$ cat final-v2.pdb   # PDB, C-alpha atoms
ATOM      1  CA  MET X   1      -0.740 -26.422 -30.862
ATOM      2  CA  ASP X   2      -2.964 -28.522 -33.070
ATOM      3  CA  LYS X   3      -4.249 -31.995 -32.221
ATOM      4  CA  PHE X   4      -1.078 -33.519 -33.726
ATOM      5  CA  ASP X   5       1.284 -31.177 -31.838
ATOM      6  CA  GLY X   6       2.697 -29.647 -35.010
ATOM      7  CA  PHE X   7       3.809 -32.896 -36.653
ATOM      8  CA  SER X   8       3.310 -33.152 -40.421
ATOM      9  CA  ILE X   9       0.746 -35.688 -41.607
ATOM     10  CA  ARG X  10       0.686 -37.643 -44.845
ATOM     11  CA  VAL X  11      -2.552 -39.261 -46.017
ATOM     12  CA  TYR X  12      -2.541 -41.498 -49.077
ATOM     13  CA  LYS X  13      -4.242 -44.501 -50.635
ATOM     14  CA  ASP X  14      -2.103 -47.644 -50.645
ATOM     15  CA  GLU X  15      -1.934 -50.358 -53.287
ATOM     16  CA  ASP X  16      -4.622 -52.375 -51.455
ATOM     17  CA  GLY X  17      -7.066 -49.469 -51.573
ATOM     18  CA  ASP X  18      -6.808 -48.553 -47.884
ATOM     19  CA  TRP X  19      -6.271 -44.958 -46.807
ATOM     20  CA  LEU X  20      -3.187 -44.557 -44.627
ATOM     21  CA  ALA X  21      -2.246 -41.631 -42.418
ATOM     22  CA  HIS X  22       1.098 -41.251 -40.682
ATOM     23  CA  PHE X  23       3.386 -38.671 -39.172
ATOM     24  CA  ILE X  24       6.103 -37.741 -41.641
ATOM     25  CA  GLU X  25       8.562 -37.222 -38.785
ATOM     26  CA  LEU X  26       7.412 -40.390 -36.952
ATOM     27  CA  PRO X  27       6.460 -42.879 -39.702
ATOM     28  CA  ASN X  28       6.039 -45.749 -37.231
ATOM     29  CA  ILE X  29       2.920 -44.014 -35.877
ATOM     30  CA  SER X  30       0.262 -44.677 -38.483
ATOM     31  CA  ALA X  31      -3.369 -45.618 -38.983
ATOM     32  CA  PHE X  32      -5.614 -46.785 -41.792
ATOM     33  CA  SER X  33      -9.260 -46.710 -42.796
ATOM     34  CA  ASP X  34     -11.493 -46.933 -45.852
ATOM     35  CA  THR X  35     -11.652 -43.107 -46.093
ATOM     36  CA  PRO X  36      -9.043 -40.363 -45.692
ATOM     37  CA  GLU X  37     -11.124 -38.801 -42.914
ATOM     38  CA  GLY X  38     -11.311 -42.142 -41.140
ATOM     39  CA  ALA X  39      -7.549 -42.619 -41.391
ATOM     40  CA  LEU X  40      -7.008 -39.183 -39.844
ATOM     41  CA  LYS X  41      -9.450 -39.968 -37.038
ATOM     42  CA  GLU X  42      -7.657 -43.263 -36.375
ATOM     43  CA  LEU X  43      -4.294 -41.463 -36.381
ATOM     44  CA  GLU X  44      -5.684 -38.999 -33.858
ATOM     45  CA  THR X  45      -6.682 -41.945 -31.654
ATOM     46  CA  ALA X  46      -3.224 -43.512 -32.067
ATOM     47  CA  TRP X  47      -1.539 -40.216 -31.137
ATOM     48  CA  GLU X  48      -3.739 -39.908 -28.060
ATOM     49  CA  GLY X  49      -2.568 -43.433 -27.144
ATOM     50  CA  VAL X  50       1.082 -42.423 -27.539
ATOM     51  CA  ARG X  51       0.508 -39.369 -25.368
ATOM     52  CA  GLU X  52      -1.264 -41.417 -22.697
ATOM     53  CA  SER X  53       1.496 -44.051 -22.712
ATOM     54  CA  CYS X  54       4.154 -41.360 -22.289
ATOM     55  CA  ARG X  55       2.253 -39.886 -19.345
ATOM     56  CA  LYS X  56       1.690 -43.305 -17.781
ATOM     57  CA  HIS X  57       5.363 -44.291 -18.054
ATOM     58  CA  ASN X  58       6.663 -40.809 -17.233
ATOM     59  CA  GLU X  59       8.441 -40.620 -20.606
ATOM     60  CA  PRO X  60       8.866 -37.520 -22.750
ATOM     61  CA  LEU X  61       6.520 -37.059 -25.677
ATOM     62  CA  PRO X  62       8.271 -37.288 -29.065
ATOM     63  CA  ARG X  63       9.339 -33.841 -30.235
ATOM     64  CA  LEU X  64       9.504 -32.261 -33.639
ATOM     65  CA  PRO X  65      13.009 -32.265 -35.140
ATOM     66  CA  ASP X  66      14.879 -28.997 -34.680
ATOM     67  CA  ILE X  67      14.567 -26.793 -37.772
ATOM     68  CA  GLU X  68      17.605 -24.663 -36.973
ATOM     69  CA  GLY X  69      19.993 -24.862 -39.882
ATOM     70  CA  TYR X  70      17.219 -25.071 -42.471
ATOM     71  CA  ASP X  71      16.979 -21.697 -44.150
ATOM     72  CA  GLY X  72      14.757 -22.691 -47.068
ATOM     73  CA  HIS X  73      17.566 -22.556 -49.613
ATOM     74  CA  PHE X  74      19.551 -25.237 -51.406
ATOM     75  CA  ASP X  75      21.542 -25.350 -54.633
ATOM     76  CA  MET X  76      20.873 -27.914 -57.322
ATOM     77  CA  LYS X  77      22.498 -28.409 -60.697
ATOM     78  CA  ILE X  78      20.282 -29.626 -63.544
ATOM     79  CA  ASP X  79      20.622 -29.983 -67.291
ATOM     80  CA  ARG X  80      20.132 -26.636 -69.061
ATOM     81  CA  ASN X  81      17.424 -28.093 -71.326
ATOM     82  CA  LEU X  82      15.482 -29.262 -68.282
ATOM     83  CA  HIS X  83      16.001 -25.844 -66.677
ATOM     84  CA  ARG X  84      14.530 -24.140 -69.739
ATOM     85  CA  ALA X  85      11.606 -26.573 -69.966
ATOM     86  CA  LEU X  86      10.745 -26.048 -66.300
ATOM     87  CA  ASP X  87      11.003 -22.287 -66.660
ATOM     88  CA  MET X  88       8.703 -22.339 -69.697
ATOM     89  CA  GLU X  89       6.148 -24.428 -67.792
ATOM     90  CA  ALA X  90       6.237 -21.925 -64.920
ATOM     91  CA  VAL X  91       5.692 -19.071 -67.401
ATOM     92  CA  ARG X  92       2.687 -20.922 -68.889
ATOM     93  CA  GLU X  93       1.220 -21.236 -65.401
ATOM     94  CA  GLY X  94       1.925 -17.583 -64.650
ATOM     95  CA  ILE X  95       4.118 -18.223 -61.614
ATOM     96  CA  SER X  96       7.795 -17.906 -60.810
ATOM     97  CA  LEU X  97      10.139 -20.813 -61.400
ATOM     98  CA  ASN X  98      10.778 -20.939 -57.652
ATOM     99  CA  ASP X  99       7.042 -21.218 -56.860
ATOM    100  CA  PHE X 100       6.572 -23.787 -59.624
ATOM    101  CA  LEU X 101       9.428 -25.976 -58.349
ATOM    102  CA  THR X 102       8.339 -25.621 -54.728
ATOM    103  CA  ARG X 103       4.856 -26.846 -55.658
ATOM    104  CA  LYS X 104       6.197 -29.737 -57.751
ATOM    105  CA  ILE X 105       8.581 -30.874 -55.013
ATOM    106  CA  ALA X 106       5.776 -30.760 -52.429
ATOM    107  CA  GLU X 107       3.467 -32.767 -54.727
ATOM    108  CA  ILE X 108       6.140 -35.424 -55.191
ATOM    109  CA  ALA X 109       7.191 -35.516 -51.547
ATOM    110  CA  PHE X 110       3.749 -35.443 -49.974
ATOM    111  CA  GLY X 111       1.219 -36.184 -52.701
ATOM    112  CA  GLN X 112      -2.054 -34.396 -53.269
ATOM    113  CA  SER X 113      -3.402 -35.598 -49.908
ATOM    114  CA  CYS X 114      -0.734 -33.966 -47.767
ATOM    115  CA  ILE X 115      -2.115 -31.972 -44.868
TER     116      ILE X 115
END
$ encode --input "final-v2.pdb" --output "structure tokens"
Amino acid sequence: MDKFDGFSIRVYKDEDGDWLAHFIELPNISAFSDTPEGALKELETAWEGVRESCRKHNEPLPRLPDIEGYDGHFDMKIDRNLHRALDMEAVREGISLNDFLTRKIAEIAFGQSCI
């Protein structure tokens, strides 16, 4: 596994201008710095601290949530005018509506700095 044991990381700039990094699945584990790289390095240090604490206290390491039951599909009803507008935007970008919406949802959910 990677240095974050498969957990998803979000890195973003807060309203005070600090860069924050946290685990999406474990938002209480976070770190900040004046650069995105620094925030990630600090998060790595924090995660190493969590791992060491778990070892020291003979506690299990937090695990990723089970993804069974998530098949990558969901139904959503939207206004037909919005549906058309989104489809036209996807056509302009030369991609499928599904790919367009997947990208837009990811941008909203995780921002441009999502890793």
$ closest_residue --input "final-v2.pdb" --among "X:Thr102, X:Asp87, X:Arg55, X:Asp34" --to "Gly72 (chain X)" --atoms "all atoms listed in the file"
X:Thr102
$ closest_atom_pairs --input "final-v2.pdb" --of "region 27-114 of chain X" --to "region 2-8 of chain X" --cutoff "8 Å" --atoms "all atoms listed in the file" --output "Markdown table"
| residue | atom | partner | partner_atom | distance |
| --- | --- | --- | --- | --- |
| X:Glu44 | CA | X:Phe4 | CA | 7.2 |
| X:Trp47 | CA | X:Phe4 | CA | 7.2 |
| X:Leu64 | CA | X:Phe7 | CA | 6.5 |
$ closest_residue --input "final-v2.pdb" --among "X:Ala106, X:Ala90, X:Arg80, X:Ile29" --to "Val50 (chain X)" --atoms "all atoms listed in the file"
X:Ile29
$ resolve_selection --input "final-v2.pdb" --expression "the PyMOL selection byres ((chain X and resi 39) around 12)" --output "PyMOL selection string"
chain X and resi 9-14+18-23+29-38+40-46+113
$ atom_distance --input "final-v2.pdb" --atom1 "CA of Leu97 (chain X)" --atom2 "CA of Asp79 (chain X)"
15.1 Å
$ atom_distance --input "final-v2.pdb" --atom1 "CA of Val91 (chain X)" --atom2 "CA of Arg103 (chain X)"
14.1 Å
$ axis_aligned_box --input "final-v2.pdb" --around "region 14-21 of chain X" --padding-each-side "5 Å" --output "lines of an AutoDock Vina configuration file"
center_x = -4.5
center_y = -47.0
center_z = -47.9
size_x = 15.1
size_y = 20.7
size_z = 20.9
$ closest_residue --input "final-v2.pdb" --among "X:Arg51, X:Asn98, X:Ala85, X:Ile108" --to "His73 (chain X)" --atoms "all atoms listed in the file"
X:Asn98
$ atom_distance --input "final-v2.pdb" --atom1 "CA of Leu86 (chain X)" --atom2 "CA of Asp99 (chain X)"
11.2 Å
$ decode --input "final-v2.pdb" --residues "chain X" --atoms "C-alpha atoms" --output "PDB file, in the first residue's frame"
ATOM      1  CA  MET X   1       0.000   0.000   0.000  1.00  0.00           C
ATOM      2  CA  ASP X   2       0.950   3.642  -0.251  1.00  0.00           C
ATOM      3  CA  LYS X   3       2.227   5.779   2.619  1.00  0.00           C
ATOM      4  CA  PHE X   4      -1.381   6.640   3.563  1.00  0.00           C
ATOM      5  CA  ASP X   5      -2.572   3.006   3.465  1.00  0.00           C
ATOM      6  CA  GLY X   6      -5.068   3.643   0.679  1.00  0.00           C
ATOM      7  CA  PHE X   7      -6.987   6.450   2.390  1.00  0.00           C
ATOM      8  CA  SER X   8      -8.122   9.330   0.169  1.00  0.00           C
ATOM      9  CA  ILE X   9      -6.470  12.689   0.799  1.00  0.00           C
ATOM     10  CA  ARG X  10      -7.901  16.154   0.290  1.00  0.00           C
ATOM     11  CA  VAL X  11      -5.568  19.151   0.080  1.00  0.00           C
ATOM     12  CA  TYR X  12      -7.009  22.653  -0.089  1.00  0.00           C
ATOM     13  CA  LYS X  13      -6.326  26.254   0.860  1.00  0.00           C
ATOM     14  CA  ASP X  14      -8.487  27.526   3.717  1.00  0.00           C
ATOM     15  CA  GLU X  15      -9.930  30.999   4.199  1.00  0.00           C
ATOM     16  CA  ASP X  16      -6.871  32.037   6.253  1.00  0.00           C
ATOM     17  CA  GLY X  17      -4.503  31.114   3.429  1.00  0.00           C
ATOM     18  CA  ASP X  18      -3.135  27.947   5.046  1.00  0.00           C
ATOM     19  CA  TRP X  19      -2.923  24.704   3.095  1.00  0.00           C
ATOM     20  CA  LEU X  20      -4.781  21.870   4.810  1.00  0.00           C
ATOM     21  CA  ALA X  21      -4.510  18.153   4.148  1.00  0.00           C
ATOM     22  CA  HIS X  22      -6.790  15.539   5.667  1.00  0.00           C
ATOM     23  CA  PHE X  23      -8.055  12.033   5.140  1.00  0.00           C
ATOM     24  CA  ILE X  24     -11.482  12.117   3.530  1.00  0.00           C
ATOM     25  CA  GLU X  25     -12.484   8.977   5.430  1.00  0.00           C
ATOM     26  CA  LEU X  26     -10.898  10.206   8.700  1.00  0.00           C
ATOM     27  CA  PRO X  27     -11.355  14.008   8.697  1.00  0.00           C
ATOM     28  CA  ASN X  28     -10.143  14.354  12.292  1.00  0.00           C
ATOM     29  CA  ILE X  29      -6.632  13.440  11.108  1.00  0.00           C
ATOM     30  CA  SER X  30      -5.355  16.577   9.426  1.00  0.00           C
ATOM     31  CA  ALA X  31      -2.337  18.826   9.025  1.00  0.00           C
ATOM     32  CA  PHE X  32      -1.555  22.277   7.694  1.00  0.00           C
ATOM     33  CA  SER X  33       1.336  24.212   6.211  1.00  0.00           C
ATOM     34  CA  ASP X  34       2.070  27.214   4.014  1.00  0.00           C
ATOM     35  CA  THR X  35       2.380  24.958   0.927  1.00  0.00           C
ATOM     36  CA  PRO X  36       0.374  21.976  -0.331  1.00  0.00           C
ATOM     37  CA  GLU X  37       3.527  19.845  -0.282  1.00  0.00           C
ATOM     38  CA  GLY X  38       4.203  20.880   3.297  1.00  0.00           C
ATOM     39  CA  ALA X  39       0.656  20.006   4.345  1.00  0.00           C
ATOM     40  CA  LEU X  40       1.050  16.548   2.802  1.00  0.00           C
ATOM     41  CA  LYS X  41       4.378  16.046   4.570  1.00  0.00           C
ATOM     42  CA  GLU X  42       2.799  17.087   7.875  1.00  0.00           C
ATOM     43  CA  LEU X  43      -0.125  14.720   7.255  1.00  0.00           C
ATOM     44  CA  GLU X  44       2.357  11.927   6.617  1.00  0.00           C
ATOM     45  CA  THR X  45       3.975  12.709   9.978  1.00  0.00           C
ATOM     46  CA  ALA X  46       0.560  12.759  11.687  1.00  0.00           C
ATOM     47  CA  TRP X  47      -0.350   9.396  10.128  1.00  0.00           C
ATOM     48  CA  GLU X  48       2.948   7.917  11.285  1.00  0.00           C
ATOM     49  CA  GLY X  49       2.023   9.160  14.782  1.00  0.00           C
ATOM     50  CA  VAL X  50      -1.380   7.462  14.588  1.00  0.00           C
ATOM     51  CA  ARG X  51       0.258   4.232  13.468  1.00  0.00           C
ATOM     52  CA  GLU X  52       2.835   4.396  16.261  1.00  0.00           C
ATOM     53  CA  SER X  53       0.144   5.120  18.867  1.00  0.00           C
ATOM     54  CA  CYS X  54      -1.901   2.140  17.674  1.00  0.00           C
ATOM     55  CA  ARG X  55       1.152  -0.111  17.931  1.00  0.00           C
ATOM     56  CA  LYS X  56       2.076   1.251  21.358  1.00  0.00           C
ATOM     57  CA  HIS X  57      -1.435   0.754  22.759  1.00  0.00           C
ATOM     58  CA  ASN X  58      -2.029  -2.519  20.906  1.00  0.00           C
ATOM     59  CA  GLU X  59      -5.033  -1.010  19.097  1.00  0.00           C
ATOM     60  CA  PRO X  60      -6.097  -1.726  15.527  1.00  0.00           C
ATOM     61  CA  LEU X  61      -5.158   0.787  12.865  1.00  0.00           C
ATOM     62  CA  PRO X  62      -8.174   2.586  11.358  1.00  0.00           C
ATOM     63  CA  ARG X  63      -9.389   0.759   8.263  1.00  0.00           C
ATOM     64  CA  LEU X  64     -10.847   1.967   5.019  1.00  0.00           C
ATOM     65  CA  PRO X  65     -14.650   1.721   4.886  1.00  0.00           C
ATOM     66  CA  ASP X  66     -15.926  -1.374   3.102  1.00  0.00           C
ATOM     67  CA  ILE X  67     -16.779  -0.609  -0.531  1.00  0.00           C
ATOM     68  CA  GLU X  68     -19.051  -3.615  -0.983  1.00  0.00           C
ATOM     69  CA  GLY X  69     -22.441  -2.386  -2.078  1.00  0.00           C
ATOM     70  CA  TYR X  70     -21.021   0.487  -4.121  1.00  0.00           C
ATOM     71  CA  ASP X  71     -21.268  -0.481  -7.763  1.00  0.00           C
ATOM     72  CA  GLY X  72     -20.540   2.922  -9.287  1.00  0.00           C
ATOM     73  CA  HIS X  73     -24.137   3.538 -10.319  1.00  0.00           C
ATOM     74  CA  PHE X  74     -26.870   5.767  -8.938  1.00  0.00           C
ATOM     75  CA  ASP X  75     -30.028   7.295 -10.380  1.00  0.00           C
ATOM     76  CA  MET X  76     -30.720  11.003 -10.227  1.00  0.00           C
ATOM     77  CA  LYS X  77     -33.635  13.010 -11.552  1.00  0.00           C
ATOM     78  CA  ILE X  78     -32.898  16.509 -12.862  1.00  0.00           C
ATOM     79  CA  ASP X  79     -34.793  19.139 -14.806  1.00  0.00           C
ATOM     80  CA  ARG X  80     -34.854  18.339 -18.539  1.00  0.00           C
ATOM     81  CA  ASN X  81     -33.444  21.778 -19.421  1.00  0.00           C
ATOM     82  CA  LEU X  82     -30.497  21.184 -17.105  1.00  0.00           C
ATOM     83  CA  HIS X  83     -30.060  17.707 -18.604  1.00  0.00           C
ATOM     84  CA  ARG X  84     -29.885  19.193 -22.097  1.00  0.00           C
ATOM     85  CA  ALA X  85     -27.499  21.969 -21.040  1.00  0.00           C
ATOM     86  CA  LEU X  86     -25.154  19.472 -19.389  1.00  0.00           C
ATOM     87  CA  ASP X  87     -25.277  17.189 -22.408  1.00  0.00           C
ATOM     88  CA  MET X  88     -24.461  20.091 -24.738  1.00  0.00           C
ATOM     89  CA  GLU X  89     -21.497  21.079 -22.556  1.00  0.00           C
ATOM     90  CA  ALA X  90     -20.206  17.495 -22.682  1.00  0.00           C
ATOM     91  CA  VAL X  91     -20.548  17.513 -26.487  1.00  0.00           C
ATOM     92  CA  ARG X  92     -18.573  20.791 -26.660  1.00  0.00           C
ATOM     93  CA  GLU X  93     -15.812  19.174 -24.617  1.00  0.00           C
ATOM     94  CA  GLY X  94     -15.883  16.053 -26.773  1.00  0.00           C
ATOM     95  CA  ILE X  95     -16.650  13.637 -23.943  1.00  0.00           C
ATOM     96  CA  SER X  96     -19.626  11.571 -22.873  1.00  0.00           C
ATOM     97  CA  LEU X  97     -22.198  13.007 -20.504  1.00  0.00           C
ATOM     98  CA  ASN X  98     -21.224  10.338 -17.975  1.00  0.00           C
ATOM     99  CA  ASP X  99     -17.527  11.327 -18.111  1.00  0.00           C
ATOM    100  CA  PHE X 100     -18.432  15.018 -17.955  1.00  0.00           C
ATOM    101  CA  LEU X 101     -20.641  14.551 -14.877  1.00  0.00           C
ATOM    102  CA  THR X 102     -18.120  12.275 -13.175  1.00  0.00           C
ATOM    103  CA  ARG X 103     -15.436  14.944 -13.590  1.00  0.00           C
ATOM    104  CA  LYS X 104     -17.726  17.741 -12.376  1.00  0.00           C
ATOM    105  CA  ILE X 105     -18.824  15.779  -9.307  1.00  0.00           C
ATOM    106  CA  ALA X 106     -15.197  14.974  -8.439  1.00  0.00           C
ATOM    107  CA  GLU X 107     -14.201  18.647  -8.834  1.00  0.00           C
ATOM    108  CA  ILE X 108     -17.003  19.719  -6.505  1.00  0.00           C
ATOM    109  CA  ALA X 109     -16.442  16.950  -3.973  1.00  0.00           C
ATOM    110  CA  PHE X 110     -12.663  17.081  -3.834  1.00  0.00           C
ATOM    111  CA  GLY X 111     -11.557  20.303  -5.502  1.00  0.00           C
ATOM    112  CA  GLN X 112      -8.703  20.703  -7.936  1.00  0.00           C
ATOM    113  CA  SER X 113      -6.164  19.704  -5.269  1.00  0.00           C
ATOM    114  CA  CYS X 114      -7.577  16.250  -4.605  1.00  0.00           C
ATOM    115  CA  ILE X 115      -4.978  13.505  -4.654  1.00  0.00           C
TER     116      ILE X 115
END
